[in-house]
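S.K.: Following this line is model31.cif, made up of mmCIF, C-alpha atoms:
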```
data_start
loop_
_atom_site.label_atom_id
_atom_site.label_comp_id
_atom_site.auth_asym_id
_atom_site.auth_seq_id
_atom_site.Cartn_x
_atom_site.Cartn_y
_atom_site.Cartn_z
CA MET J 6 -78.10 67.07 -22.12
CA ARG J 7 -76.04 70.14 -21.21
CA GLU J 8 -78.77 72.58 -22.25
CA ARG J 9 -81.49 70.70 -20.37
CA THR J 10 -82.86 70.91 -16.86
CA VAL J 11 -83.13 67.90 -14.55
CA LEU J 12 -85.64 68.22 -11.70
CA ILE J 13 -84.81 66.47 -8.43
CA ALA J 14 -87.55 65.73 -5.91
CA GLY J 15 -85.87 65.52 -2.51
CA GLY J 16 -83.01 67.46 -0.94
CA GLY J 17 -81.53 64.74 1.24
CA LEU J 18 -78.10 63.19 0.86
CA GLY J 19 -78.94 61.34 -2.36
CA GLY J 20 -80.72 64.23 -4.04
CA LEU J 21 -77.97 66.72 -3.24
CA ALA J 22 -75.20 64.33 -4.28
CA THR J 23 -77.01 63.85 -7.58
CA ALA J 24 -77.36 67.60 -8.02
CA ALA J 25 -73.65 68.10 -7.37
CA CYS J 26 -72.65 65.37 -9.82
CA LEU J 27 -74.94 66.69 -12.56
CA LEU J 28 -73.90 70.31 -12.08
CA THR J 29 -70.25 69.28 -12.19
CA GLN J 30 -70.98 67.81 -15.63
CA GLY J 31 -72.57 71.08 -16.78
CA ILE J 32 -76.16 69.77 -16.56
CA ASP J 33 -78.68 72.19 -15.06
CA VAL J 34 -80.65 71.02 -12.02
CA GLU J 35 -83.45 72.24 -9.78
CA VAL J 36 -83.79 70.56 -6.35
CA HIS J 37 -87.21 70.66 -4.67
CA GLU J 38 -87.26 69.79 -0.97
CA GLN J 39 -90.37 69.65 1.19
CA ALA J 40 -88.72 70.85 4.42
CA PRO J 41 -88.62 74.56 5.32
CA GLN J 42 -84.89 74.25 5.95
CA LEU J 43 -82.21 71.73 5.15
CA GLY J 44 -81.10 69.56 8.02
CA GLU J 45 -80.35 66.01 9.12
CA VAL J 46 -81.03 64.17 12.34
CA GLY J 47 -78.25 63.51 14.82
CA ALA J 48 -76.90 60.22 13.60
CA GLY J 49 -73.85 58.95 11.78
CA ILE J 50 -73.25 57.16 8.50
CA GLN J 51 -70.33 55.21 7.12
CA VAL J 52 -68.78 56.17 3.80
CA SER J 53 -66.81 53.28 2.35
CA ALA J 54 -64.49 53.51 -0.65
CA ASN J 55 -67.20 52.87 -3.24
CA ALA J 56 -68.93 56.04 -2.02
CA THR J 57 -65.82 58.03 -1.06
CA ARG J 58 -64.75 57.95 -4.72
CA VAL J 59 -67.78 60.12 -5.54
CA PHE J 60 -66.63 62.76 -3.05
CA ARG J 61 -63.11 62.62 -4.48
CA HIS J 62 -64.64 63.25 -7.91
CA LEU J 63 -66.47 66.28 -6.49
CA GLY J 64 -63.30 67.62 -4.87
CA LEU J 65 -64.67 67.07 -1.37
CA LEU J 66 -62.21 64.67 0.28
CA ASP J 67 -60.63 67.43 2.35
CA ALA J 68 -64.07 68.57 3.46
CA LEU J 69 -64.93 65.04 4.64
CA ASP J 70 -61.59 64.76 6.41
CA ALA J 71 -62.16 68.04 8.24
CA VAL J 72 -65.37 66.87 9.94
CA GLY J 73 -65.33 63.07 9.73
CA ALA J 74 -63.39 60.28 11.38
CA ARG J 75 -61.15 57.63 9.84
CA PRO J 76 -61.70 54.39 11.81
CA ASP J 77 -58.79 51.97 12.13
CA VAL J 78 -60.74 48.73 11.88
CA TYR J 79 -64.20 47.27 11.26
CA GLN J 80 -64.90 44.48 13.78
CA PHE J 81 -67.62 41.94 14.47
CA ARG J 82 -67.82 41.29 18.23
CA VAL J 83 -69.80 39.08 20.60
CA PHE J 84 -72.42 41.11 22.44
CA ASP J 85 -71.39 40.36 26.02
CA THR J 86 -67.74 39.27 26.04
CA GLY J 87 -66.52 41.57 23.27
CA GLU J 88 -64.74 38.65 21.60
CA ILE J 89 -63.71 39.62 18.06
CA LEU J 90 -65.18 37.25 15.49
CA GLN J 91 -63.72 38.91 12.38
CA SER J 92 -61.98 42.13 11.40
CA ILE J 93 -61.70 44.24 8.26
CA PRO J 94 -58.62 46.50 8.38
CA LEU J 95 -59.36 50.16 7.68
CA GLY J 96 -57.04 53.15 8.24
CA GLN J 97 -53.98 53.53 6.04
CA SER J 98 -53.98 49.94 4.79
CA TYR J 99 -57.49 50.52 3.45
CA VAL J 100 -56.32 53.66 1.62
CA GLU J 101 -53.43 51.71 0.12
CA ARG J 102 -55.80 49.02 -1.14
CA HIS J 103 -58.62 51.23 -2.41
CA GLY J 104 -57.02 54.63 -3.01
CA VAL J 105 -59.44 56.53 -0.74
CA PRO J 106 -60.25 56.48 2.99
CA TYR J 107 -63.11 54.88 4.88
CA PHE J 108 -64.97 57.62 6.76
CA SER J 109 -67.54 57.66 9.53
CA ILE J 110 -69.31 60.99 9.58
CA HIS J 111 -72.29 62.80 11.10
CA ARG J 112 -75.22 63.00 8.68
CA ALA J 113 -75.63 66.72 9.34
CA ASP J 114 -71.98 67.34 8.47
CA ILE J 115 -72.07 65.49 5.17
CA LEU J 116 -75.35 67.20 4.26
CA ASN J 117 -73.76 70.61 4.87
CA ILE J 118 -70.83 69.66 2.65
CA LEU J 119 -73.18 68.72 -0.19
CA VAL J 120 -75.33 71.84 0.26
CA ASP J 121 -72.25 74.04 0.04
CA LYS J 122 -71.05 72.21 -3.07
CA VAL J 123 -74.38 72.50 -4.87
CA ARG J 124 -74.72 76.20 -4.03
CA SER J 125 -71.16 76.86 -5.15
CA LEU J 126 -72.10 75.46 -8.55
CA LYS J 127 -75.57 77.03 -8.73
CA PRO J 128 -76.56 79.35 -5.85
CA ASP J 129 -80.32 79.11 -6.46
CA ALA J 130 -80.52 75.39 -7.24
CA ILE J 131 -82.26 74.36 -3.99
CA HIS J 132 -85.92 75.23 -3.41
CA LEU J 133 -87.43 74.67 0.06
CA ASN J 134 -91.07 74.27 1.13
CA ALA J 135 -91.54 72.39 -2.13
CA LYS J 136 -93.12 69.00 -1.47
CA ALA J 137 -93.45 66.73 -4.49
CA VAL J 138 -96.90 65.15 -4.82
CA GLY J 139 -96.69 63.75 -8.35
CA TYR J 140 -95.71 64.45 -11.93
CA GLU J 141 -97.00 64.60 -15.49
CA GLU J 142 -94.94 63.72 -18.54
CA ASP J 143 -95.25 64.03 -22.28
CA ALA J 144 -93.02 63.57 -25.28
CA ASP J 145 -91.06 66.74 -24.56
CA GLY J 146 -90.46 66.50 -20.84
CA VAL J 147 -91.96 66.31 -17.38
CA THR J 148 -93.87 68.56 -14.99
CA LEU J 149 -93.24 68.13 -11.27
CA LEU J 150 -96.38 68.75 -9.24
CA LEU J 151 -95.82 70.38 -5.86
CA GLU J 152 -98.08 70.68 -2.86
CA GLY J 153 -100.26 73.76 -3.05
CA GLY J 154 -100.74 73.55 -6.80
CA ARG J 155 -97.34 74.77 -7.94
CA GLN J 156 -95.79 73.18 -11.03
CA VAL J 157 -92.22 73.05 -12.33
CA ARG J 158 -91.27 72.08 -15.86
CA GLY J 159 -88.11 70.17 -16.82
CA HIS J 160 -86.72 67.61 -19.22
CA ALA J 161 -86.22 64.82 -16.68
CA LEU J 162 -87.29 64.05 -13.11
CA ILE J 163 -85.29 62.18 -10.48
CA GLY J 164 -87.29 60.87 -7.53
CA ALA J 165 -84.91 61.19 -4.58
CA ASP J 166 -87.72 61.59 -2.06
CA GLY J 167 -87.00 58.60 0.16
CA ILE J 168 -88.75 55.42 1.20
CA ARG J 169 -92.18 57.16 1.25
CA SER J 170 -91.58 58.61 -2.22
CA ALA J 171 -94.56 60.25 -3.92
CA ILE J 172 -92.75 59.80 -7.25
CA ARG J 173 -92.41 56.06 -6.61
CA ALA J 174 -96.09 55.79 -5.63
CA GLN J 175 -97.15 57.23 -8.98
CA LEU J 176 -94.55 55.36 -10.99
CA LEU J 177 -94.94 51.92 -9.42
CA GLY J 178 -98.25 52.17 -7.59
CA GLN J 179 -98.84 52.03 -3.85
CA THR J 180 -96.35 49.45 -2.59
CA PRO J 181 -96.31 49.71 1.20
CA ALA J 182 -92.97 49.49 2.95
CA ASN J 183 -92.54 46.31 4.97
CA TYR J 184 -91.89 46.51 8.68
CA THR J 185 -89.01 44.13 9.29
CA GLY J 186 -89.78 43.42 12.92
CA ASP J 187 -86.76 45.44 14.05
CA ILE J 188 -86.58 48.81 15.75
CA ALA J 189 -83.44 50.90 16.11
CA TRP J 190 -82.23 53.14 18.90
CA ARG J 191 -79.74 55.90 18.24
CA ALA J 192 -77.64 58.14 20.43
CA VAL J 193 -74.48 60.22 20.03
CA VAL J 194 -72.14 60.55 23.03
CA GLU J 195 -69.09 62.70 23.74
CA LYS J 196 -66.19 60.27 23.62
CA SER J 197 -64.38 62.07 26.44
CA VAL J 198 -67.02 61.01 29.00
CA LEU J 199 -66.44 57.32 28.31
CA PRO J 200 -63.89 55.24 30.26
CA GLU J 201 -60.53 55.35 28.51
CA GLU J 202 -60.70 51.71 27.41
CA TYR J 203 -63.89 52.48 25.47
CA GLN J 204 -62.54 55.54 23.65
CA THR J 205 -61.78 53.49 20.55
CA ASN J 206 -61.37 54.40 16.89
CA ALA J 207 -63.11 51.28 15.59
CA VAL J 208 -66.34 50.44 13.84
CA ASP J 209 -67.73 47.67 16.07
CA ILE J 210 -70.68 45.47 15.15
CA TRP J 211 -71.88 43.85 18.39
CA VAL J 212 -73.89 40.71 17.50
CA GLY J 213 -76.22 38.87 19.85
CA PRO J 214 -79.49 37.00 20.27
CA SER J 215 -82.42 38.92 18.68
CA ARG J 216 -80.49 42.21 18.56
CA HIS J 217 -77.23 43.88 17.63
CA ALA J 218 -75.50 47.23 18.08
CA VAL J 219 -73.13 49.36 16.02
CA THR J 220 -70.62 51.85 17.45
CA TYR J 221 -68.13 54.10 15.69
CA PRO J 222 -66.44 57.52 15.95
CA LEU J 223 -67.71 60.82 14.55
CA ARG J 224 -66.31 64.36 14.19
CA ARG J 225 -62.62 63.48 14.13
CA GLY J 226 -63.09 61.07 17.01
CA THR J 227 -64.66 63.48 19.49
CA LEU J 228 -68.05 61.70 19.42
CA THR J 229 -69.16 58.07 19.47
CA ASN J 230 -72.22 57.01 17.51
CA PHE J 231 -74.47 54.25 18.90
CA VAL J 232 -77.20 52.42 17.01
CA GLY J 233 -78.97 49.49 18.62
CA SER J 234 -81.27 47.21 16.61
CA VAL J 235 -83.83 45.13 18.52
CA GLU J 236 -86.47 42.69 17.36
CA ASP J 237 -89.85 44.10 18.39
CA ASP J 238 -93.19 43.41 16.72
CA SER J 239 -95.02 46.10 18.68
CA TRP J 240 -93.47 49.28 17.23
CA LYS J 241 -94.42 50.54 13.76
CA ASP J 242 -93.43 54.23 13.75
CA ASP J 243 -90.60 54.80 11.26
CA SER J 244 -90.05 58.48 12.07
CA TRP J 245 -86.46 59.32 12.99
CA THR J 246 -87.58 62.02 15.40
CA VAL J 247 -89.67 60.04 17.90
CA LYS J 248 -88.18 60.09 21.39
CA ARG J 249 -88.65 57.26 23.86
CA PRO J 250 -87.72 56.90 27.54
CA TRP J 251 -84.05 56.22 28.20
CA GLU J 252 -85.05 53.36 30.51
CA GLU J 253 -86.48 51.44 27.54
CA MET J 254 -83.18 51.61 25.69
CA GLN J 255 -81.31 50.55 28.82
CA ARG J 256 -83.60 47.52 29.31
CA ASP J 257 -83.09 46.42 25.71
CA PHE J 258 -79.34 45.96 26.32
CA VAL J 259 -79.16 44.55 29.83
CA GLY J 260 -76.25 42.11 30.08
CA TRP J 261 -74.36 43.55 27.13
CA HIS J 262 -70.67 44.49 27.08
CA GLY J 263 -69.36 47.28 29.29
CA MET J 264 -68.82 49.59 26.31
CA ILE J 265 -72.49 49.36 25.35
CA GLN J 266 -73.50 49.97 28.95
CA ALA J 267 -71.18 52.98 29.17
CA LEU J 268 -72.60 54.48 25.98
CA ILE J 269 -76.17 54.05 27.14
CA ASP J 270 -75.34 55.47 30.59
CA ALA J 271 -73.73 58.51 28.95
CA ALA J 272 -76.56 59.14 26.46
CA ASP J 273 -78.67 62.28 26.82
CA ARG J 274 -81.72 60.87 28.57
CA ASP J 275 -83.99 63.41 26.90
CA SER J 276 -82.73 62.58 23.40
CA CYS J 277 -83.15 58.82 22.96
CA TYR J 278 -84.65 58.17 19.53
CA ARG J 279 -86.28 54.98 18.35
CA TRP J 280 -87.66 54.14 14.92
CA ALA J 281 -89.00 51.15 13.01
CA LEU J 282 -86.85 49.65 10.25
CA ASN J 283 -88.70 49.23 6.97
CA ASN J 284 -87.67 48.00 3.57
CA ARG J 285 -89.11 46.84 0.26
CA LEU J 286 -88.31 43.89 -1.93
CA PRO J 287 -86.16 44.80 -4.95
CA VAL J 288 -88.06 45.61 -8.15
CA GLU J 289 -87.05 45.35 -11.79
CA ASN J 290 -88.11 48.83 -12.92
CA TRP J 291 -87.58 52.29 -11.42
CA SER J 292 -88.50 54.48 -14.35
CA SER J 293 -90.74 55.85 -17.07
CA SER J 294 -89.52 57.71 -20.16
CA HIS J 295 -88.75 60.97 -18.28
CA ALA J 296 -88.73 59.99 -14.59
CA VAL J 297 -86.49 57.69 -12.58
CA LEU J 298 -86.04 56.79 -8.92
CA MET J 299 -82.78 56.70 -7.00
CA GLY J 300 -81.57 56.09 -3.44
CA ASP J 301 -84.16 54.95 -0.89
CA ALA J 302 -86.99 55.73 -3.29
CA ALA J 303 -85.65 53.02 -5.60
CA HIS J 304 -83.93 50.50 -3.31
CA PRO J 305 -84.49 51.01 0.42
CA THR J 306 -82.40 48.63 2.47
CA LEU J 307 -81.74 47.59 6.03
CA PRO J 308 -78.68 49.24 7.61
CA TYR J 309 -76.91 45.91 8.10
CA MET J 310 -74.10 46.53 5.61
CA ALA J 311 -73.80 50.30 6.18
CA GLN J 312 -74.54 50.84 2.49
CA GLY J 313 -77.82 52.79 2.32
CA ALA J 314 -76.25 56.21 1.82
CA ALA J 315 -73.37 54.69 -0.16
CA MET J 316 -75.79 53.28 -2.74
CA ALA J 317 -77.36 56.73 -3.13
CA PHE J 318 -73.93 58.28 -3.68
CA GLU J 319 -73.12 55.60 -6.26
CA ASP J 320 -76.47 56.30 -7.95
CA ALA J 321 -75.63 59.99 -8.12
CA ALA J 322 -72.37 59.40 -9.97
CA VAL J 323 -73.83 56.87 -12.41
CA LEU J 324 -76.84 59.11 -13.11
CA ALA J 325 -74.56 61.99 -14.04
CA ARG J 326 -72.50 59.73 -16.29
CA ALA J 327 -75.63 58.38 -17.97
CA PHE J 328 -77.05 61.85 -18.62
CA THR J 329 -73.70 62.91 -20.04
CA ALA J 330 -73.36 59.83 -22.25
CA GLU J 331 -76.85 59.89 -23.79
CA SER J 332 -78.52 62.84 -25.51
CA ALA J 333 -82.04 61.44 -25.15
CA VAL J 334 -83.56 61.48 -21.66
CA SER J 335 -85.15 58.05 -22.08
CA ASP J 336 -81.81 56.54 -23.16
CA ALA J 337 -79.98 58.10 -20.20
CA ILE J 338 -82.57 56.79 -17.76
CA ALA J 339 -82.45 53.31 -19.30
CA LEU J 340 -78.63 53.29 -19.13
CA PHE J 341 -78.68 54.27 -15.47
CA GLN J 342 -81.30 51.73 -14.49
CA ARG J 343 -79.71 48.91 -16.46
CA ASN J 344 -76.40 49.40 -14.70
CA ARG J 345 -77.67 49.97 -11.16
CA ILE J 346 -80.40 47.42 -10.53
CA PRO J 347 -78.17 44.31 -10.34
CA ARG J 348 -75.74 45.85 -7.84
CA THR J 349 -78.32 47.48 -5.61
CA THR J 350 -80.41 44.30 -5.59
CA ARG J 351 -77.39 42.35 -4.34
CA ILE J 352 -76.72 44.86 -1.57
CA VAL J 353 -80.38 44.96 -0.48
CA THR J 354 -80.53 41.15 -0.42
CA GLU J 355 -77.28 40.69 1.50
CA SER J 356 -78.19 43.42 3.99
CA SER J 357 -81.43 41.58 4.75
CA ALA J 358 -79.54 38.30 5.14
CA ASN J 359 -77.20 39.91 7.67
CA ARG J 360 -80.14 40.39 10.04
CA LYS J 361 -80.27 36.63 10.57
CA LEU J 362 -76.48 36.41 10.93
CA PHE J 363 -76.31 39.21 13.50
CA HIS J 364 -79.28 37.99 15.58
CA MET J 365 -78.67 34.25 15.92
CA PRO J 366 -79.93 32.89 19.26
CA SER J 367 -76.96 30.56 19.69
CA MET J 368 -73.46 31.97 20.04
CA GLU J 369 -72.00 28.65 18.91
CA GLU J 370 -74.04 28.83 15.71
CA MET J 371 -73.08 32.46 15.21
CA LYS J 372 -69.36 31.76 15.66
CA ALA J 373 -69.61 28.85 13.23
CA SER J 374 -71.34 31.07 10.66
CA PHE J 375 -68.65 33.74 10.90
CA SER J 376 -65.90 31.13 10.68
CA GLN J 377 -67.32 29.97 7.35
CA ARG J 378 -67.13 33.47 5.85
CA ASN J 379 -64.29 35.88 5.18
CA MET J 380 -65.96 39.29 5.44
CA ASN J 381 -62.71 41.10 4.68
CA ALA J 382 -62.14 39.28 1.39
CA GLU J 383 -65.80 39.42 0.38
CA ARG J 384 -66.29 43.13 0.88
CA ASN J 385 -62.95 44.12 -0.61
CA ALA J 386 -63.61 41.94 -3.65
CA TRP J 387 -66.96 43.36 -4.79
CA LEU J 388 -68.35 45.99 -2.43
CA PHE J 389 -65.53 48.41 -1.67
CA SER J 390 -63.77 47.92 -5.01
CA TYR J 391 -66.70 49.25 -7.05
CA ASP J 392 -65.96 52.62 -8.67
CA PRO J 393 -69.11 54.36 -9.94
CA LEU J 394 -66.96 56.85 -11.87
CA ALA J 395 -65.04 54.16 -13.77
CA VAL J 396 -67.22 51.07 -14.04
CA GLU J 397 -68.17 50.34 -17.63
CA LEU J 398 -71.75 51.30 -18.42
CA VAL J 399 -73.40 48.79 -20.71
#
```
The structure given in the file should be rewritten as structure tokens.

M.R.:
Amino acid sequence: MRERTVLIAGGGLGGLATAACLLTQGIDVEVHEQAPQLGEVGAGIQVSANATRVFRHLGLLDALDAVGARPDVYQFRVFDTGEILQSIPLGQSYVERHGVPYFSIHRADILNILVDKVRSLKPDAIHLNAKAVGYEEDADGVTLLLEGGRQVRGHALIGADGIRSAIRAQLLGQTPANYTGDIAWRAVVEKSVLPEEYQTNAVDIWVGPSRHAVTYPLRRGTLTNFVGSVEDDSWKDDSWTVKRPWEEMQRDFVGWHGMIQALIDAADRDSCYRWALNNRLPVENWSSSHAVLMGDAAHPTLPYMAQGAAMAFEDAAVLARAFTAESAVSDAIALFQRNRIPRTTRIVTESSANRKLFHMPSMEEMKASFSQRNMNAERNAWLFSYDPLAVELV
């Protein structure tokens, strides 16, 4: 595969991570991104050990450390009292267990890190204003069709173009995304404006009736990220850039803990974003002989395990390994798909199940449900321990 070119539709986190992993293996890539410039919205993501190992492989741990945060603990808390239901230790004990840190990081920062890495390996790899609309394939390769009639020829195509993927639509047919009945608010607040008792270094999952919230640090602890998920059948817009009145966000969390109130009070009232959460049921095929889906194009999931981006980073590493291991494109694609579908299906399914756990109407029922599970043991055993660079490919 070293003399061949892999086309990537989509220059988001998954597409760029895939480009970096392939280029590191000496495989040529061309990334085609529809936007006129690369950028990410103002929100955070969590990068657990299973994904951090990919950045270690790319030599980017120091870059993550320079702009990210290392939370001390991951906690599940009752929405109004703040009572801690369960904890997963992070910080140094997490490094000692898994060999790499747990990061929380701004999406724009991690995108910039990946852009710099890709351009350091191939300065002209990323092409902007290049929206994928479909593809054609034959025995020798694939042609990516771009908006405006442009065409690009390669040996393989990776559809990394998100939940509304044009590559997926052609490959699998029109399968509409499902609105889950949940909307999400997001805001980023300067930590220094919060009362001292709320300037924490924790990932907190605040669970409550028909809604939950997530808070964690960004940019070496100088910012706090807030995401609030609310059941709402009336809102269908899944754009990340739709602003709504601050008063609506405030009303959605009346009666919640003082930290949530402080974050909402401190939010920029002209920059309150709200979007609909969509997903799709897992499928058993992501590919044709020369094209394959990855990331949200293949396995979109609810953000209730903080694993959406992590799955894309895992995909990137396994894709590069598959294209290195197999000389035939079809064999590489089959190897990748065979090894990724079972794991991503489990994560998608468990993320969806967490919606019910986090939104139970009865606090007694919720406490009982948490008492029956050991989140720390579960996630360390199969989620965080997964190494996409070392797992046996079969």

S.K.: Excluding same-chain residues fewer than 2 positions from segment 269-284 of chain J, what lies within 8 Å of it counting all atoms listed in the file, as a ChimeraX atom specification?

M.R.: /J:168,182-194,198-199,240-251,254-255,265-267,286,305-307

S.K.: Give me, as JSON lines, the closest atom pair and its distance (Å, one decimal) for every residue of segment 241-323 of chain J within a cut-off of 9 Å of segment 25-35 of chain J, counting only C-alpha atoms, rows sorted by chain and rising number.

M.R.:
```
{"residue": "J:Ala321", "atom": "CA", "partner": "J:Cys26", "partner_atom": "CA", "distance": 6.4}
{"residue": "J:Ala322", "atom": "CA", "partner": "J:Cys26", "partner_atom": "CA", "distance": 6.0}
{"residue": "J:Val323", "atom": "CA", "partner": "J:Cys26", "partner_atom": "CA", "distance": 9.0}
```

S.K.: May I have the residues within 8 Å of Tyr107 of chain J as a compact mmCIF listing (two decimals) with C-alpha atoms, in the frame of the given file, using all atoms listed in the file and disregarding those fewer than 5 positions away in the same chain?

M.R.:
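part-v8.txt written:
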```
# COMPACT_ATOMS: atom_id res chain seq x y z
CA GLN J 51 -70.33 55.21 7.12
CA VAL J 52 -68.78 56.17 3.80
CA SER J 53 -66.81 53.28 2.35
CA ALA J 54 -64.49 53.51 -0.65
CA THR J 57 -65.82 58.03 -1.06
CA ARG J 75 -61.15 57.63 9.84
CA PRO J 76 -61.70 54.39 11.81
CA LEU J 95 -59.36 50.16 7.68
CA GLY J 96 -57.04 53.15 8.24
CA TYR J 99 -57.49 50.52 3.45
CA VAL J 100 -56.32 53.66 1.62
```

S.K.: Name the residues that the PyMOL selection byres ((chain J and resi 346) around 9) picks from the file above, as a list in words, using the file's chain letters and numbers.

M.R.: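 When the PyMOL selection byres ((chain J and resi 346) around 9) is applied, the selected residues are Pro287, Val288, Glu289, Asn290, Trp291, His304, Phe341, Gln342, Arg343, Asn344, Arg345, Pro347, Arg348, Thr349, Thr350 and Arg351 of chain J.
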
S.K.: For Leu149 of chain J, which residue out of J:Lys122, J:His295, J:Lys372, J:Arg360 is the nearest one, using only C-alpha atoms?

M.R.: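 Of J:Lys122, J:His295, J:Lys372, J:Arg360, the one nearest Leu149 of chain J, counting only C-alpha atoms, is J:His295.
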
S.K.: Which residues are near Ile50 of chain J? Cut-off 10 Å, all atoms listed in the file, ignore same chain within fewer than 2 positions. Put them as a list in words.

M.R.: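 Listing them by chain and then by number gives Ala48, Val52, Ser53, Gly73, Phe108, Ser109, Ile110, His111, Arg112, Ala113, Ile115, Tyr221, Leu223, Asn230, Pro308, Ala311, Gln312, Gly313, Ala314 and Ala315 of chain J.
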
S.K.: Residues picked by the PyMOL selection byres ((chain J and resi 58) around 9) here, as a PyMOL selection string?

M.R.: chain J and resi 53-57+59-63+66+104-105+319+392-394

S.K.: Figure out the distance between atom CA of Gly146 of chain J and atom CA of Ala333 of chain J, please, to one decimal in Å.

M.R.: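 Pair atom CA of Ala333 of chain J / atom CA of Gly146 of chain J returns 10.7 Å.
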
S.K.: Which is closer to Leu268 of chain J than all the others in J:Ala207, J:Ala218, J:Ile13, J:Ile172, using all atoms listed in the file?

M.R.: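 Smallest separation from Leu268 of chain J among the options: J:Ala218.
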
S.K.: So, with only C-alpha atoms as the atoms that count, which of J:Val147, J:Val36, J:Leu18, J:Val157 lies closest to Val334 of chain J?

M.R.: J:Val147

S.K.: Around (-93.4, 71.9, -0.6), as given in the file, which residues come within 10 Å? Count only C-alpha atoms and list them as a list of chain:residue names.

M.R.: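 All residues meeting the 10 Å criterion around (-93.4, 71.9, -0.6) are J:His37, J:Glu38, J:Gln39, J:Ala40, J:Pro41, J:His132, J:Leu133, J:Asn134, J:Ala135, J:Lys136, J:Ala137, J:Val138, J:Leu150, J:Leu151, J:Glu152, J:Gly153, J:Gly154, J:Arg155.
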
S.K.: Please, could you write that set of residues out with C-alpha atoms as a PDB file, in the coordinates of the input?

M.R.:
```
ATOM      1  CA  HIS J  37     -87.210  70.660  -4.670  1.00  0.00           C
ATOM      2  CA  GLU J  38     -87.260  69.790  -0.970  1.00  0.00           C
ATOM      3  CA  GLN J  39     -90.370  69.650   1.190  1.00  0.00           C
ATOM      4  CA  ALA J  40     -88.720  70.850   4.420  1.00  0.00           C
ATOM      5  CA  PRO J  41     -88.620  74.560   5.320  1.00  0.00           C
ATOM      6  CA  HIS J 132     -85.920  75.230  -3.410  1.00  0.00           C
ATOM      7  CA  LEU J 133     -87.430  74.670   0.060  1.00  0.00           C
ATOM      8  CA  ASN J 134     -91.070  74.270   1.130  1.00  0.00           C
ATOM      9  CA  ALA J 135     -91.540  72.390  -2.130  1.00  0.00           C
ATOM     10  CA  LYS J 136     -93.120  69.000  -1.470  1.00  0.00           C
ATOM     11  CA  ALA J 137     -93.450  66.730  -4.490  1.00  0.00           C
ATOM     12  CA  VAL J 138     -96.900  65.150  -4.820  1.00  0.00           C
ATOM     13  CA  LEU J 150     -96.380  68.750  -9.240  1.00  0.00           C
ATOM     14  CA  LEU J 151     -95.820  70.380  -5.860  1.00  0.00           C
ATOM     15  CA  GLU J 152     -98.080  70.680  -2.860  1.00  0.00           C
ATOM     16  CA  GLY J 153    -100.260  73.760  -3.050  1.00  0.00           C
ATOM     17  CA  GLY J 154    -100.740  73.550  -6.800  1.00  0.00           C
ATOM     18  CA  ARG J 155     -97.340  74.770  -7.940  1.00  0.00           C
TER      19      ARG J 155
END
```

S.K.: Leaving out Trp211 of chain J and any residue of its chain fewer than 5 positions from it, which residues lie within 7 Å of it when counting only C-alpha atoms, given as a PDB file with C-alpha atoms, in the frame of the given file?

M.R.:
```
ATOM      1  CA  PHE J  81     -67.620  41.940  14.470  1.00  0.00           C
ATOM      2  CA  ARG J  82     -67.820  41.290  18.230  1.00  0.00           C
ATOM      3  CA  VAL J  83     -69.800  39.080  20.600  1.00  0.00           C
ATOM      4  CA  PHE J  84     -72.420  41.110  22.440  1.00  0.00           C
ATOM      5  CA  HIS J 217     -77.230  43.880  17.630  1.00  0.00           C
ATOM      6  CA  ALA J 218     -75.500  47.230  18.080  1.00  0.00           C
ATOM      7  CA  VAL J 219     -73.130  49.360  16.020  1.00  0.00           C
TER       8      VAL J 219
END
```

S.K.: What is the atom CA of Leu21 of chain J-atom CA of Ser294 of chain J distance in Å, reported with one decimal?

M.R.: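 The value is 22.4 Å.
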
S.K.: For the structure shown, which residues end up in the PyMOL selection byres ((chain J and resi 299) around 7)? Put them as a list in words, please?

M.R.: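 This file, filtered by the PyMOL selection byres ((chain J and resi 299) around 7), leaves Ile163, Gly164, Ala165, Val297, Leu298, Gly300, Asp301, Ala302, Ala303, Ala317 and Asp320 of chain J.
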
S.K.: Between atom CA of Leu398 of chain J and atom CA of His160 of chain J, measure the distance and give it in Å to one decimal.

M.R.: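 For atom CA of Leu398 of chain J relative to atom CA of His160 of chain J, the distance reads 22.2 Å.
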
S.K.: Which polymer residues have any atom within 12 Å of an atom of Gln377 of chain J, counting only C-alpha atoms, with same-chain residues fewer than 6 positions away left out, as a tab-separated table (two decimals) with C-alpha atoms, in the frame of the given file?

M.R.:
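This went into result_28.tsv:
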```tsv
chain	number	residue	atom	x	y	z
J	90	LEU	CA	-65.18	37.25	15.49
J	91	GLN	CA	-63.72	38.91	12.38
J	362	LEU	CA	-76.48	36.41	10.93
J	370	GLU	CA	-74.04	28.83	15.71
J	371	MET	CA	-73.08	32.46	15.21
J	383	GLU	CA	-65.80	39.42	0.38
```

S.K.: Would you mind telling me which residue in J:Ser367, J:Met264, J:Pro181, J:Ala24 lies nearest to Leu126 of chain J when using only C-alpha atoms?

M.R.: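 With only C-alpha atoms as the atom set, the closest residue is J:Ala24.
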
S.K.: Can you tell me, as JSON, the centre and edge lengths (Å, one decimal) of the axis-aligned box enclosing all of segment 210-228 of chain J's listed atoms after padding each side by 3 Å?

M.R.:
```
{"center_x": -72.5, "center_y": 50.7, "center_z": 17.2, "size_x": 25.8, "size_y": 33.4, "size_z": 12.1}
```

S.K.: Please determine, counting only C-alpha atoms, which residue among J:Ser292, J:Thr229, J:Ser98, J:Gln80 has the shortest atom-to-atom distance to Glu195 of chain J.

M.R.: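 Smallest distance to Glu195 of chain J is found for J:Thr229.
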
S.K.: Choose the residue, out of J:Glu45, J:Ala174, J:Glu397, J:Met310, that has the smallest atom-to-atom separation from Met380 of chain J; count all atoms listed in the file.

M.R.: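 Answer, going by the shortest atom-to-atom distance: J:Met310.
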